[in-house]
file data-v8.tsv (TSV, C-alpha atoms)
chain	number	residue	atom	x	y	z
O	1043	MET	CA	14.64	-6.59	-16.41
O	1044	ASN	CA	17.62	-6.11	-14.13
O	1045	VAL	CA	16.50	-4.80	-10.74
O	1046	ASP	CA	19.51	-2.45	-10.65
O	1047	LEU	CA	17.77	-0.35	-13.32
O	1048	PHE	CA	15.29	0.74	-10.64
O	1049	ASP	CA	17.87	1.84	-8.07
O	1050	PHE	CA	18.53	5.41	-6.93
O	1051	ASP	CA	20.18	7.15	-3.98
O	1052	LEU	CA	17.82	8.65	-1.41
O	1053	PRO	CA	19.17	10.81	1.42
O	1054	THR	CA	17.65	9.82	4.76
O	1055	ASP	CA	16.61	13.47	5.27
O	1056	ASN	CA	13.99	13.00	2.55
O	1057	ILE	CA	12.16	10.27	4.50
O	1058	ALA	CA	9.07	11.64	6.25
O	1059	LEU	CA	8.48	10.52	9.83
O	1060	ARG	CA	5.20	12.42	10.28
O	1061	PRO	CA	2.48	13.42	7.80
O	1062	ALA	CA	1.86	16.98	6.68
O	1063	ALA	CA	-0.60	18.94	8.81
O	1064	PRO	CA	-3.21	19.49	7.60
O	1065	ARG	CA	-3.03	16.41	5.43
O	1066	ASP	CA	-3.84	18.19	2.18
O	1067	ALA	CA	-0.98	20.65	2.77
O	1068	ALA	CA	1.43	18.07	1.35
O	1069	ARG	CA	3.33	18.90	-1.82
O	1070	MET	CA	2.58	17.09	-5.07
O	1071	LEU	CA	4.78	16.56	-8.12
O	1072	VAL	CA	2.66	16.46	-11.28
O	1073	LEU	CA	3.84	14.57	-14.35
O	1074	GLU	CA	1.43	15.03	-17.27
O	1075	GLY	CA	2.76	13.76	-20.55
O	1076	ASP	CA	6.20	15.30	-20.90
O	1077	ALA	CA	5.44	18.22	-18.55
O	1078	THR	CA	6.60	18.43	-14.92
O	1079	GLN	CA	4.98	20.77	-12.39
O	1080	ASP	CA	5.54	21.39	-8.68
O	1081	ALA	CA	2.15	21.72	-7.03
O	1082	GLY	CA	0.28	20.84	-3.84
O	1083	VAL	CA	-2.32	18.22	-3.00
O	1084	SER	CA	-4.83	21.03	-2.40
O	1085	ASP	CA	-4.43	21.99	-6.09
O	1086	LEU	CA	-5.95	18.68	-7.17
O	1087	PRO	CA	-9.39	20.07	-8.14
O	1088	SER	CA	-7.76	22.36	-10.70
O	1089	LEU	CA	-5.39	19.66	-12.00
O	1090	LEU	CA	-8.14	17.20	-12.92
O	1091	ARG	CA	-11.03	17.49	-15.38
O	1092	ARG	CA	-14.76	17.58	-14.75
O	1093	GLY	CA	-15.97	14.02	-15.24
O	1094	ASP	CA	-12.78	12.34	-14.00
O	1095	MET	CA	-13.12	9.78	-11.22
O	1096	LEU	CA	-10.77	9.19	-8.29
O	1097	VAL	CA	-10.78	5.63	-6.93
O	1098	PHE	CA	-9.93	5.11	-3.25
O	1099	ASN	CA	-9.14	1.99	-1.26
O	1100	ASP	CA	-11.42	1.79	1.81
O	1101	THR	CA	-9.35	-0.82	3.67
O	1102	ARG	CA	-8.67	-0.16	7.36
O	1103	VAL	CA	-5.33	-0.92	9.01
O	1104	ILE	CA	-5.53	-3.33	11.93
O	1105	PRO	CA	-3.01	-3.44	14.86
O	1106	ALA	CA	-1.13	-6.28	13.17
O	1107	GLN	CA	2.27	-5.97	14.89
O	1108	LEU	CA	2.66	-8.36	17.84
O	1109	ASP	CA	5.46	-8.93	20.34
O	1110	GLY	CA	5.59	-12.09	22.40
O	1111	ARG	CA	7.67	-14.94	23.77
O	1112	ARG	CA	8.16	-18.62	23.17
O	1113	GLY	CA	9.79	-19.78	26.37
O	1114	ASP	CA	12.74	-17.46	26.95
O	1115	ALA	CA	12.91	-16.33	23.32
O	1116	LYS	CA	11.48	-13.00	22.16
O	1117	ILE	CA	9.32	-13.45	19.08
O	1118	GLY	CA	7.87	-10.70	16.88
O	1119	ALA	CA	5.09	-11.20	14.36
O	1120	THR	CA	3.65	-9.05	11.58
O	1121	LEU	CA	0.38	-10.39	10.22
O	1122	HIS	CA	0.05	-10.01	6.49
O	1123	LYS	CA	-2.85	-12.12	5.16
O	1124	ARG	CA	-5.92	-13.72	6.69
O	1125	GLU	CA	-6.18	-17.43	5.90
O	1126	GLY	CA	-9.24	-18.27	8.02
O	1127	PRO	CA	-11.41	-17.02	10.90
O	1128	ARG	CA	-8.63	-17.61	13.46
O	1129	ARG	CA	-5.64	-18.03	11.19
O	1130	TRP	CA	-3.29	-15.37	9.79
O	1131	ARG	CA	-0.11	-15.75	7.77
O	1132	ALA	CA	2.67	-13.77	9.51
O	1133	PHE	CA	6.26	-12.76	9.02
O	1134	ILE	CA	8.23	-13.72	12.12
O	1135	ARG	CA	11.21	-12.07	13.76
O	1136	ASN	CA	13.56	-14.54	15.48
O	1137	ALA	CA	11.88	-17.40	13.61
O	1138	ARG	CA	14.91	-19.64	14.18
O	1139	ARG	CA	13.67	-20.06	17.76
O	1140	LEU	CA	10.35	-21.51	16.57
O	1141	ARG	CA	9.33	-25.02	15.64
O	1142	ASP	CA	6.08	-26.07	13.98
O	1143	GLY	CA	3.33	-26.19	16.59
O	1144	ASP	CA	5.08	-23.94	19.14
O	1145	VAL	CA	2.78	-21.56	21.02
O	1146	ILE	CA	3.72	-17.87	21.18
O	1147	GLU	CA	2.47	-15.98	24.23
O	1148	PHE	CA	1.64	-12.37	23.43
O	1149	SER	CA	0.51	-9.72	25.92
O	1150	ASN	CA	-2.85	-9.53	27.72
O	1151	GLY	CA	-3.56	-13.24	27.55
O	1152	VAL	CA	-3.36	-13.55	23.76
O	1153	SER	CA	-1.60	-16.60	22.32
O	1154	ALA	CA	-1.25	-18.37	18.97
O	1155	ALA	CA	0.27	-21.58	17.64
O	1156	ALA	CA	2.80	-21.19	14.83
O	1157	VAL	CA	2.27	-23.79	12.10
O	1158	ASP	CA	2.97	-24.45	8.42
O	1159	ARG	CA	6.22	-22.61	7.90
O	1160	GLU	CA	6.73	-21.56	4.28
O	1161	ASP	CA	9.92	-21.05	2.25
O	1162	ASP	CA	9.77	-17.29	2.78
O	1163	GLY	CA	10.09	-17.86	6.56
O	1164	SER	CA	6.49	-16.99	7.33
O	1165	TYR	CA	4.27	-19.03	9.63
O	1166	ALA	CA	0.52	-19.37	9.96
O	1167	LEU	CA	-0.57	-18.17	13.40
O	1168	VAL	CA	-3.67	-19.92	14.76
O	1169	PHE	CA	-5.06	-17.82	17.60
O	1170	ALA	CA	-6.36	-19.58	20.72
O	1171	GLY	CA	-9.77	-18.99	22.30
O	1172	ASP	CA	-13.21	-18.04	21.03
O	1173	GLU	CA	-13.01	-14.24	20.89
O	1174	PRO	CA	-12.83	-12.66	17.43
O	1175	VAL	CA	-9.23	-12.20	16.38
O	1176	GLU	CA	-9.94	-8.49	15.81
O	1177	LEU	CA	-10.58	-8.08	19.56
O	1178	LEU	CA	-7.40	-9.98	20.40
O	1179	LEU	CA	-5.39	-7.68	18.15
O	1180	GLU	CA	-6.91	-4.60	19.78
O	1181	ARG	CA	-5.65	-5.98	23.13
O	1182	ALA	CA	-2.20	-7.19	22.13
O	1183	GLY	CA	-1.26	-5.58	18.82
O	1184	HIS	CA	0.01	-2.21	17.72
O	1185	MET	CA	0.01	-0.22	14.50
O	1186	PRO	CA	2.39	-1.79	11.94
O	1187	LEU	CA	4.33	1.26	10.78
O	1188	PRO	CA	6.62	0.62	7.80
O	1189	PRO	CA	10.18	-0.36	8.77
O	1190	TYR	CA	11.67	2.85	7.35
O	1191	ILE	CA	9.62	4.79	9.94
O	1192	ALA	CA	9.56	2.28	12.79
O	1193	GLY	CA	13.35	1.99	12.60
O	1194	LYS	CA	13.70	5.71	13.35
O	1195	ARG	CA	11.08	6.24	16.07
O	1196	PRO	CA	8.60	4.20	18.12
O	1197	THR	CA	4.92	3.95	17.26
O	1198	ASP	CA	2.79	6.31	19.35
O	1199	GLU	CA	-0.85	7.31	19.84
O	1200	ARG	CA	-0.75	9.79	16.95
O	1201	ASP	CA	-0.09	6.97	14.51
O	1202	ALA	CA	-3.43	5.34	15.34
O	1203	ASP	CA	-5.06	8.28	13.51
O	1204	ASP	CA	-2.26	9.39	11.20
O	1205	TYR	CA	-1.95	5.94	9.60
O	1206	GLN	CA	-5.63	5.63	8.68
O	1207	THR	CA	-7.25	7.29	5.68
O	1208	MET	CA	-10.56	9.14	5.92
O	1209	PHE	CA	-12.07	6.31	3.80
O	1210	ALA	CA	-10.97	3.46	6.11
O	1211	SER	CA	-14.00	1.28	6.84
O	1212	GLU	CA	-13.13	-2.34	6.00
O	1213	PRO	CA	-10.69	-3.81	8.59
O	1214	GLY	CA	-8.01	-6.12	7.26
O	1215	ALA	CA	-4.93	-4.24	6.03
O	1216	VAL	CA	-1.53	-4.30	7.68
O	1217	ALA	CA	-0.35	-1.26	5.72
O	1218	ALA	CA	-2.22	1.89	4.80
O	1219	PRO	CA	-3.06	2.87	1.21
O	1220	THR	CA	-0.92	5.92	1.83
O	1221	ALA	CA	-1.77	8.11	-1.18
O	1222	ALA	CA	-5.25	8.54	0.33
O	1223	LEU	CA	-3.77	9.83	3.60
O	1224	HIS	CA	-3.59	13.25	1.90
O	1225	PHE	CA	-7.35	13.64	1.60
O	1226	THR	CA	-9.58	15.66	3.94
O	1227	PRO	CA	-13.32	16.41	3.98
O	1228	GLY	CA	-12.54	19.91	2.74
O	1229	LEU	CA	-10.55	18.63	-0.23
O	1230	MET	CA	-13.29	16.14	-1.08
O	1231	ALA	CA	-15.87	18.95	-1.04
O	1232	ALA	CA	-13.69	20.98	-3.42
O	1233	LEU	CA	-13.35	17.99	-5.75
O	1234	ASP	CA	-17.11	17.46	-5.71
O	1235	ALA	CA	-17.66	21.13	-6.57
O	1236	ALA	CA	-15.25	20.77	-9.49
O	1237	GLY	CA	-17.28	17.86	-10.89
O	1238	ILE	CA	-14.72	15.20	-10.04
O	1239	GLU	CA	-16.34	11.96	-8.93
O	1240	HIS	CA	-15.04	9.29	-6.60
O	1241	ALA	CA	-15.56	5.60	-5.88
O	1242	THR	CA	-14.18	3.06	-3.42
O	1243	LEU	CA	-12.96	-0.51	-3.61
O	1244	THR	CA	-11.25	-2.76	-1.06
O	1245	LEU	CA	-7.76	-4.25	-1.18
O	1246	HIS	CA	-6.37	-5.49	2.12
O	1247	VAL	CA	-2.73	-4.45	1.86
O	1248	GLY	CA	-0.26	-7.05	3.13
O	1249	ALA	CA	3.14	-6.65	4.74
O	1250	GLY	CA	4.65	-8.15	1.60
O	1251	THR	CA	4.46	-4.64	0.15
O	1252	PHE	CA	7.49	-3.76	2.32
O	1253	LEU	CA	9.61	-6.77	1.38
O	1254	PRO	CA	12.75	-5.90	-0.59
O	1255	VAL	CA	13.22	-7.35	-4.06
O	1256	LYS	CA	16.11	-9.75	-3.52
O	1257	ALA	CA	16.14	-11.16	-7.03
O	1258	THR	CA	18.55	-9.74	-9.61
O	1259	ASP	CA	15.92	-9.89	-12.38
O	1260	THR	CA	12.28	-8.87	-12.11
O	1261	THR	CA	11.13	-12.18	-13.61
O	1262	GLU	CA	12.48	-13.99	-10.54
O	1263	HIS	CA	10.54	-11.98	-7.94
O	1264	LYS	CA	7.46	-13.54	-6.35
O	1265	MET	CA	4.67	-11.23	-5.18
O	1266	HIS	CA	2.60	-12.05	-2.09
O	1267	ALA	CA	-1.13	-12.36	-2.75
O	1268	GLU	CA	-3.59	-9.85	-1.29
O	1269	TRP	CA	-7.38	-10.06	-1.11
O	1270	GLY	CA	-9.53	-7.49	-2.87
O	1271	ARG	CA	-13.08	-6.76	-3.97
O	1272	ILE	CA	-14.76	-4.55	-6.57
O	1273	ASP	CA	-18.53	-4.89	-6.57
O	1274	ALA	CA	-20.64	-4.87	-9.72
O	1275	ALA	CA	-22.00	-1.36	-9.15
O	1276	THR	CA	-18.52	0.11	-8.80
O	1277	ALA	CA	-17.24	-1.72	-11.88
O	1278	ASP	CA	-20.20	-0.33	-13.86
O	1279	ARG	CA	-19.46	3.20	-12.67
O	1280	LEU	CA	-15.79	2.98	-13.65
O	1281	ASN	CA	-16.65	1.68	-17.11
O	1282	ALA	CA	-19.25	4.43	-17.56
O	1283	VAL	CA	-16.71	7.15	-16.72
O	1284	ARG	CA	-14.35	5.93	-19.42
O	1285	ALA	CA	-17.16	5.42	-21.93
O	1286	ARG	CA	-18.10	9.09	-21.72
O	1287	GLY	CA	-14.50	10.30	-22.01
O	1288	GLY	CA	-13.59	10.75	-18.35
O	1289	ARG	CA	-10.46	9.36	-16.75
O	1290	VAL	CA	-10.24	6.71	-14.03
O	1291	ILE	CA	-7.45	7.83	-11.71
O	1292	ALA	CA	-6.37	5.39	-9.03
O	1293	VAL	CA	-5.48	6.89	-5.67
O	1294	GLY	CA	-2.61	4.66	-4.63
O	1295	THR	CA	-0.91	1.66	-6.17
O	1296	THR	CA	-3.28	-0.62	-4.22
O	1297	SER	CA	-6.32	0.75	-6.05
O	1298	LEU	CA	-4.44	0.56	-9.35
O	1299	ARG	CA	-3.38	-3.06	-8.88
O	1300	LEU	CA	-6.90	-4.17	-8.03
O	1301	ILE	CA	-8.48	-2.33	-10.97
O	1302	GLU	CA	-5.92	-3.82	-13.34
O	1303	SER	CA	-6.55	-7.28	-11.85
O	1304	ALA	CA	-10.26	-6.85	-12.56
O	1305	THR	CA	-9.86	-5.59	-16.14
O	1306	GLY	CA	-9.93	-7.92	-19.13
O	1307	GLU	CA	-7.97	-7.73	-22.36
O	1308	ASP	CA	-11.03	-5.96	-23.78
O	1309	ASP	CA	-10.40	-3.07	-21.34
O	1310	VAL	CA	-13.67	-3.76	-19.48
O	1311	ILE	CA	-13.54	-3.63	-15.67
O	1312	ARG	CA	-15.46	-6.50	-14.10
O	1313	PRO	CA	-16.52	-7.34	-10.53
O	1314	PHE	CA	-13.70	-8.95	-8.58
O	1315	ASP	CA	-13.60	-10.89	-5.31
O	1316	GLY	CA	-10.47	-12.84	-4.48
O	1317	ASP	CA	-6.69	-12.79	-4.34
O	1318	THR	CA	-4.38	-10.87	-6.62
O	1319	ALA	CA	-0.60	-11.11	-6.92
O	1320	ILE	CA	-0.29	-8.84	-9.96
O	1321	PHE	CA	3.28	-7.60	-10.58
O	1322	ILE	CA	3.46	-4.63	-12.95
O	1323	THR	CA	6.79	-3.83	-14.62
O	1324	PRO	CA	7.75	-1.86	-17.76
O	1325	GLY	CA	6.18	-3.37	-20.84
O	1326	TYR	CA	2.81	-3.87	-19.13
O	1327	ARG	CA	-0.22	-2.50	-20.99
O	1328	PHE	CA	-2.54	-0.66	-18.61
O	1329	ARG	CA	-6.16	-1.55	-19.31
O	1330	GLY	CA	-8.31	-0.13	-16.51
O	1331	ILE	CA	-6.75	3.13	-15.30
O	1332	ASP	CA	-5.80	6.42	-16.96
O	1333	GLY	CA	-3.70	7.94	-14.19
O	1334	LEU	CA	-2.35	7.46	-10.70
O	1335	MET	CA	-1.90	9.54	-7.57
O	1336	THR	CA	0.77	7.98	-5.39
O	1337	ASN	CA	3.50	8.75	-2.88
O	1338	PHE	CA	7.24	8.40	-3.56
O	1339	HIS	CA	8.50	4.83	-3.35
O	1340	LEU	CA	11.61	2.94	-2.28
O	1341	PRO	CA	14.47	2.31	-4.69
O	1342	ARG	CA	14.46	-1.18	-6.25
O	1343	SER	CA	10.87	-1.71	-5.06
O	1344	THR	CA	7.97	-3.27	-6.93
O	1345	LEU	CA	6.10	0.02	-6.60
O	1346	PHE	CA	8.86	2.06	-8.27
O	1347	MET	CA	8.76	-0.56	-11.03
O	1348	LEU	CA	4.99	0.01	-11.30
O	1349	VAL	CA	5.26	3.79	-11.72
O	1350	SER	CA	8.10	3.23	-14.20
O	1351	ALA	CA	5.76	0.99	-16.19
O	1352	LEU	CA	3.16	3.77	-16.24
O	1353	MET	CA	5.38	6.74	-17.11
O	1354	GLY	CA	8.64	5.23	-18.40
O	1355	ARG	CA	11.69	4.28	-16.37
O	1356	GLU	CA	13.92	7.15	-17.48
O	1357	ARG	CA	11.08	9.62	-16.94
O	1358	MET	CA	10.57	8.39	-13.37
O	1359	GLN	CA	14.28	8.35	-12.57
O	1360	ALA	CA	14.45	12.00	-13.68
O	1361	ALA	CA	11.29	12.87	-11.73
O	1362	TYR	CA	12.64	11.27	-8.55
O	1363	ALA	CA	15.95	13.10	-8.96
O	1364	HIS	CA	13.92	16.34	-9.24
O	1365	ALA	CA	11.93	15.42	-6.13
O	1366	ILE	CA	15.03	14.57	-4.09
O	1367	ALA	CA	16.78	17.80	-5.09
O	1368	GLY	CA	13.60	19.74	-4.29
O	1369	LYS	CA	13.36	18.19	-0.80
O	1370	TYR	CA	10.10	16.37	-1.39
O	1371	ARG	CA	9.25	14.06	1.50
O	1372	PHE	CA	9.28	10.35	0.65
O	1373	TYR	CA	7.37	7.20	1.59
O	1374	SER	CA	4.22	6.55	3.60
O	1375	TYR	CA	3.96	9.88	5.43
O	1376	GLY	CA	5.53	11.84	2.59
O	1377	ASP	CA	4.38	14.01	-0.30
O	1378	GLY	CA	2.43	12.87	-3.33
O	1379	SER	CA	2.77	12.67	-7.09
O	1380	LEU	CA	0.14	12.77	-9.82
O	1381	LEU	CA	1.04	10.67	-12.85
O	1382	LEU	CA	-0.96	11.30	-16.03
O	1383	PRO	CA	0.65	9.56	-19.03
call {"tool": "encode", "arguments": {"input": "data-v8.tsv", "output": "structure tokens"}}
result
Amino acid sequence: MNVDLFDFDLPTDNIALRPAAPRDAARMLVLEGDATQDAGVSDLPSLLRRGDMLVFNDTRVIPAQLDGRRGDAKIGATLHKREGPRRWRAFIRNARRLRDGDVIEFSNGVSAAAVDREDDGSYALVFAGDEPVELLLERAGHMPLPPYIAGKRPTDERDADDYQTMFASEPGAVAAPTAALHFTPGLMAALDAAGIEHATLTLHVGAGTFLPVKATDTTEHKMHAEWGRIDAATADRLNAVRARGGRVIAVGTTSLRLIESATGEDDVIRPFDGDTAIFITPGYRFRGIDGLMTNFHLPRSTLFMLVSALMGRERMQAAYAHAIAGKYRFYSYGDGSLLLP
């Protein structure tokens, strides 16, 4: 499909630079079948059915943004996928000043050699020393806010908390599963009381999620792989929910993509441990999920293509026009939507 079909105009005033406070005070646009409803995240217990299951991504964002120097050249790096104990694939700013094998000196005594440049301009960074890379990143890195936020204000101490979900326990992501940012202990208690179950899986979100689609046709776009895991017990629980008539509702496109990657043509969700580069566009048959809670996405992005596949492109274009006119807040720190086809 032509990528232009997924374009729309978004006023910059609609881009959220801070999350709602409290988190579950965010607004939520509900699309259920052909119906459209303006609601709030705190209304979620009354919008779902007893026996439904919400599925959260428990990945934890690491301080994956690094600033350093190679000689007199400033070099920036955004880690996006672990390739080994001391090796991370990274997108590089000012990469033209690097050659294979060059050492980048970051702050606080942290350094890494840049090797194996790929066609997308990324390098593998091999970190020096014996300390765990996680400790090095705590010393030299900072929170990798999305470019549409970082371009408008600097990262600060608030982001260290604001950009983590309450489920974050498995370090490895360089972007938050932002739909889950709306959840609080109080909201989870209300969901439990309403008979709505929840489960967790792990998908370490990569920086490739922010890359623009430069191709003119969706068939020409290459997705970056991300690592994920669904254990056998969780897969069994998800299958059991659907078998008894409940709905599996992914919280965030990350959870959705992993569930769909783990689901066979027979609609059975299986344990999964490995990389996925699934790219969902209109025409895709969803096999493992029955609904999605997600934030509002960028025009021409793979994630707007995904929600268009779930609800229909014209339906989502109309819904986004409604959200823009209604001053919903977009992107990572913005409001949510609940999509129930």
call {"tool": "closest_residue", "arguments": {"input": "data-v8.tsv", "among": "O:Thr1207, O:Lys1123, O:Arg1357, O:Pro1186", "to": "His1266 of chain O", "atoms": "only C-alpha atoms"}}
result
O:Lys1123
call {"tool": "residues_near_point", "arguments": {"input": "data-v8.tsv", "point": "(-15.5, 12.7, 1.4)", "cutoff": "12 Å", "atoms": "only C-alpha atoms", "output": "ChimeraX atom specification"}}
result
/O:1096-1098,1100,1207-1210,1222,1224-1235,1238-1242
call {"tool": "write_last_selection", "arguments": {"input": "data-v8.tsv", "atoms": "C-alpha atoms", "output": "compact mmCIF listing (two decimals), in the frame of the given file"}}
result
# COMPACT_ATOMS: atom_id res chain seq x y z
CA LEU O 1096 -10.77 9.19 -8.29
CA VAL O 1097 -10.78 5.63 -6.93
CA PHE O 1098 -9.93 5.11 -3.25
CA ASP O 1100 -11.42 1.79 1.81
CA THR O 1207 -7.25 7.29 5.68
CA MET O 1208 -10.56 9.14 5.92
CA PHE O 1209 -12.07 6.31 3.80
CA ALA O 1210 -10.97 3.46 6.11
CA ALA O 1222 -5.25 8.54 0.33
CA HIS O 1224 -3.59 13.25 1.90
CA PHE O 1225 -7.35 13.64 1.60
CA THR O 1226 -9.58 15.66 3.94
CA PRO O 1227 -13.32 16.41 3.98
CA GLY O 1228 -12.54 19.91 2.74
CA LEU O 1229 -10.55 18.63 -0.23
CA MET O 1230 -13.29 16.14 -1.08
CA ALA O 1231 -15.87 18.95 -1.04
CA ALA O 1232 -13.69 20.98 -3.42
CA LEU O 1233 -13.35 17.99 -5.75
CA ASP O 1234 -17.11 17.46 -5.71
CA ALA O 1235 -17.66 21.13 -6.57
CA ILE O 1238 -14.72 15.20 -10.04
CA GLU O 1239 -16.34 11.96 -8.93
CA HIS O 1240 -15.04 9.29 -6.60
CA ALA O 1241 -15.56 5.60 -5.88
CA THR O 1242 -14.18 3.06 -3.42
call {"tool": "closest_residue", "arguments": {"input": "data-v8.tsv", "among": "O:Phe1338, O:Phe1133, O:Tyr1205, O:Phe1321", "to": "Asp1377 of chain O", "atoms": "all atoms listed in the file"}}
result
O:Phe1338
call {"tool": "closest_residue", "arguments": {"input": "data-v8.tsv", "among": "O:Ala1217, O:Glu1262, O:Pro1313, O:Thr1054", "to": "Lys1194 of chain O", "atoms": "all atoms listed in the file"}}
result
O:Thr1054
call {"tool": "closest_atom_pairs", "arguments": {"input": "data-v8.tsv", "of": "segment 1248-1359 of chain O", "to": "segment 1072-1083 of chain O", "cutoff": "12 Å", "atoms": "all atoms listed in the file", "output": "CSV"}}
result
residue,atom,partner,partner_atom,distance
O:Asp1332,CA,O:Glu1074,CA,11.2
O:Gly1333,CA,O:Glu1074,CA,9.3
O:Leu1334,CA,O:Leu1073,CA,10.1
O:Met1335,CA,O:Val1072,CA,9.1
O:Thr1336,CA,O:Val1072,CA,10.5
O:Asn1337,CA,O:Val1083,CA,11.1
O:Val1349,CA,O:Leu1073,CA,11.2
O:Leu1352,CA,O:Gly1075,CA,10.9
O:Met1353,CA,O:Gly1075,CA,8.2
O:Gly1354,CA,O:Gly1075,CA,10.6
O:Glu1356,CA,O:Asp1076,CA,11.7
O:Arg1357,CA,O:Asp1076,CA,8.5
O:Met1358,CA,O:Leu1073,CA,9.2
call {"tool": "write_last_selection", "arguments": {"input": "data-v8.tsv", "atoms": "C-alpha atoms", "output": "PDB file, in the coordinates of the input"}}
result
ATOM      1  CA  ASP O1332      -5.800   6.420 -16.960  1.00  0.00           C
ATOM      2  CA  GLY O1333      -3.700   7.940 -14.190  1.00  0.00           C
ATOM      3  CA  LEU O1334      -2.350   7.460 -10.700  1.00  0.00           C
ATOM      4  CA  MET O1335      -1.900   9.540  -7.570  1.00  0.00           C
ATOM      5  CA  THR O1336       0.770   7.980  -5.390  1.00  0.00           C
ATOM      6  CA  ASN O1337       3.500   8.750  -2.880  1.00  0.00           C
ATOM      7  CA  VAL O1349       5.260   3.790 -11.720  1.00  0.00           C
ATOM      8  CA  LEU O1352       3.160   3.770 -16.240  1.00  0.00           C
ATOM      9  CA  MET O1353       5.380   6.740 -17.110  1.00  0.00           C
ATOM     10  CA  GLY O1354       8.640   5.230 -18.400  1.00  0.00           C
ATOM     11  CA  GLU O1356      13.920   7.150 -17.480  1.00  0.00           C
ATOM     12  CA  ARG O1357      11.080   9.620 -16.940  1.00  0.00           C
ATOM     13  CA  MET O1358      10.570   8.390 -13.370  1.00  0.00           C
TER      14      MET O1358
END
call {"tool": "residues_around", "arguments": {"input": "data-v8.tsv", "residues": "Thr1305 of chain O", "least_positions_apart": "4", "cutoff": "12 Å", "atoms": "all atoms listed in the file", "output": "list in words"}}
result
Ile1272, Ala1277, Asp1278, Leu1280, Asn1281, Leu1298, Arg1299, Leu1300, Ile1301, Asp1309, Val1310, Ile1311, Arg1312, Pro1313, Phe1314, Ile1320, Arg1327, Phe1328, Arg1329, Gly1330 and Ile1331 of chain O
call {"tool": "residues_near_point", "arguments": {"input": "data-v8.tsv", "point": "(-1.7, -10.3, -3.9)", "cutoff": "6 Å", "atoms": "only C-alpha atoms", "output": "list in words"}}
result
His1266, Ala1267, Glu1268, Asp1317, Thr1318 and Ala1319 of chain O
call {"tool": "atom_distance", "arguments": {"input": "data-v8.tsv", "atom1": "atom CA of Asp1051 of chain O", "atom2": "atom CA of Ala1249 of chain O"}}
result
23.6 Å
call {"tool": "atom_distance", "arguments": {"input": "data-v8.tsv", "atom1": "atom CA of Ile1146 of chain O", "atom2": "atom CA of Met1185 of chain O"}}
result
19.2 Å
call {"tool": "residues_around", "arguments": {"input": "data-v8.tsv", "residues": "Arg1200 of chain O", "least_positions_apart": "5", "cutoff": "12 Å", "atoms": "only C-alpha atoms", "output": "PyMOL selection string"}}
result
chain O and resi 1059-1061+1185+1187+1205-1206
call {"tool": "closest_residue", "arguments": {"input": "data-v8.tsv", "among": "O:Ser1149, O:Ser1374, O:Thr1276, O:Thr1101", "to": "Pro1189 of chain O", "atoms": "all atoms listed in the file"}}
result
O:Ser1374
call {"tool": "closest_residue", "arguments": {"input": "data-v8.tsv", "among": "O:His1246, O:Arg1284, O:Lys1264, O:His1339", "to": "Arg1124 of chain O", "atoms": "only C-alpha atoms"}}
result
O:His1246
call {"tool": "atom_distance", "arguments": {"input": "data-v8.tsv", "atom1": "atom CA of Asp1204 of chain O", "atom2": "atom CA of Leu1223 of chain O"}}
result
7.8 Å
call {"tool": "closest_residue", "arguments": {"input": "data-v8.tsv", "among": "O:Gly1237, O:Gly1250, O:Gly1126, O:Pro1105", "to": "Arg1181 of chain O", "atoms": "only C-alpha atoms"}}
result
O:Pro1105
call {"tool": "residues_around", "arguments": {"input": "data-v8.tsv", "residues": "Gly1270 of chain O", "least_positions_apart": "4", "cutoff": "6 Å", "atoms": "all atoms listed in the file", "output": "PDB file with C-alpha atoms, in the frame of the given file"}}
result
ATOM      1  CA  THR O1244     -11.250  -2.760  -1.060  1.00  0.00           C
ATOM      2  CA  LEU O1245      -7.760  -4.250  -1.180  1.00  0.00           C
ATOM      3  CA  ASP O1315     -13.600 -10.890  -5.310  1.00  0.00           C
ATOM      4  CA  GLY O1316     -10.470 -12.840  -4.480  1.00  0.00           C
TER       5      GLY O1316
END
call {"tool": "residues_around", "arguments": {"input": "data-v8.tsv", "residues": "His1184 of chain O", "least_positions_apart": "4", "cutoff": "10 Å", "atoms": "only C-alpha atoms", "output": "PyMOL selection string"}}
result
chain O and resi 1104-1109+1120+1179-1180+1197-1199+1201-1202
call {"tool": "residues_around", "arguments": {"input": "data-v8.tsv", "residues": "segment 1286-1289 of chain O", "least_positions_apart": "5", "cutoff": "7 Å", "atoms": "all atoms listed in the file", "output": "tab-separated table (two decimals) with C-alpha atoms, keeping the file's coordinate frame"}}
result
chain	number	residue	atom	x	y	z
O	1093	GLY	CA	-15.97	14.02	-15.24
O	1094	ASP	CA	-12.78	12.34	-14.00
O	1095	MET	CA	-13.12	9.78	-11.22
O	1332	ASP	CA	-5.80	6.42	-16.96
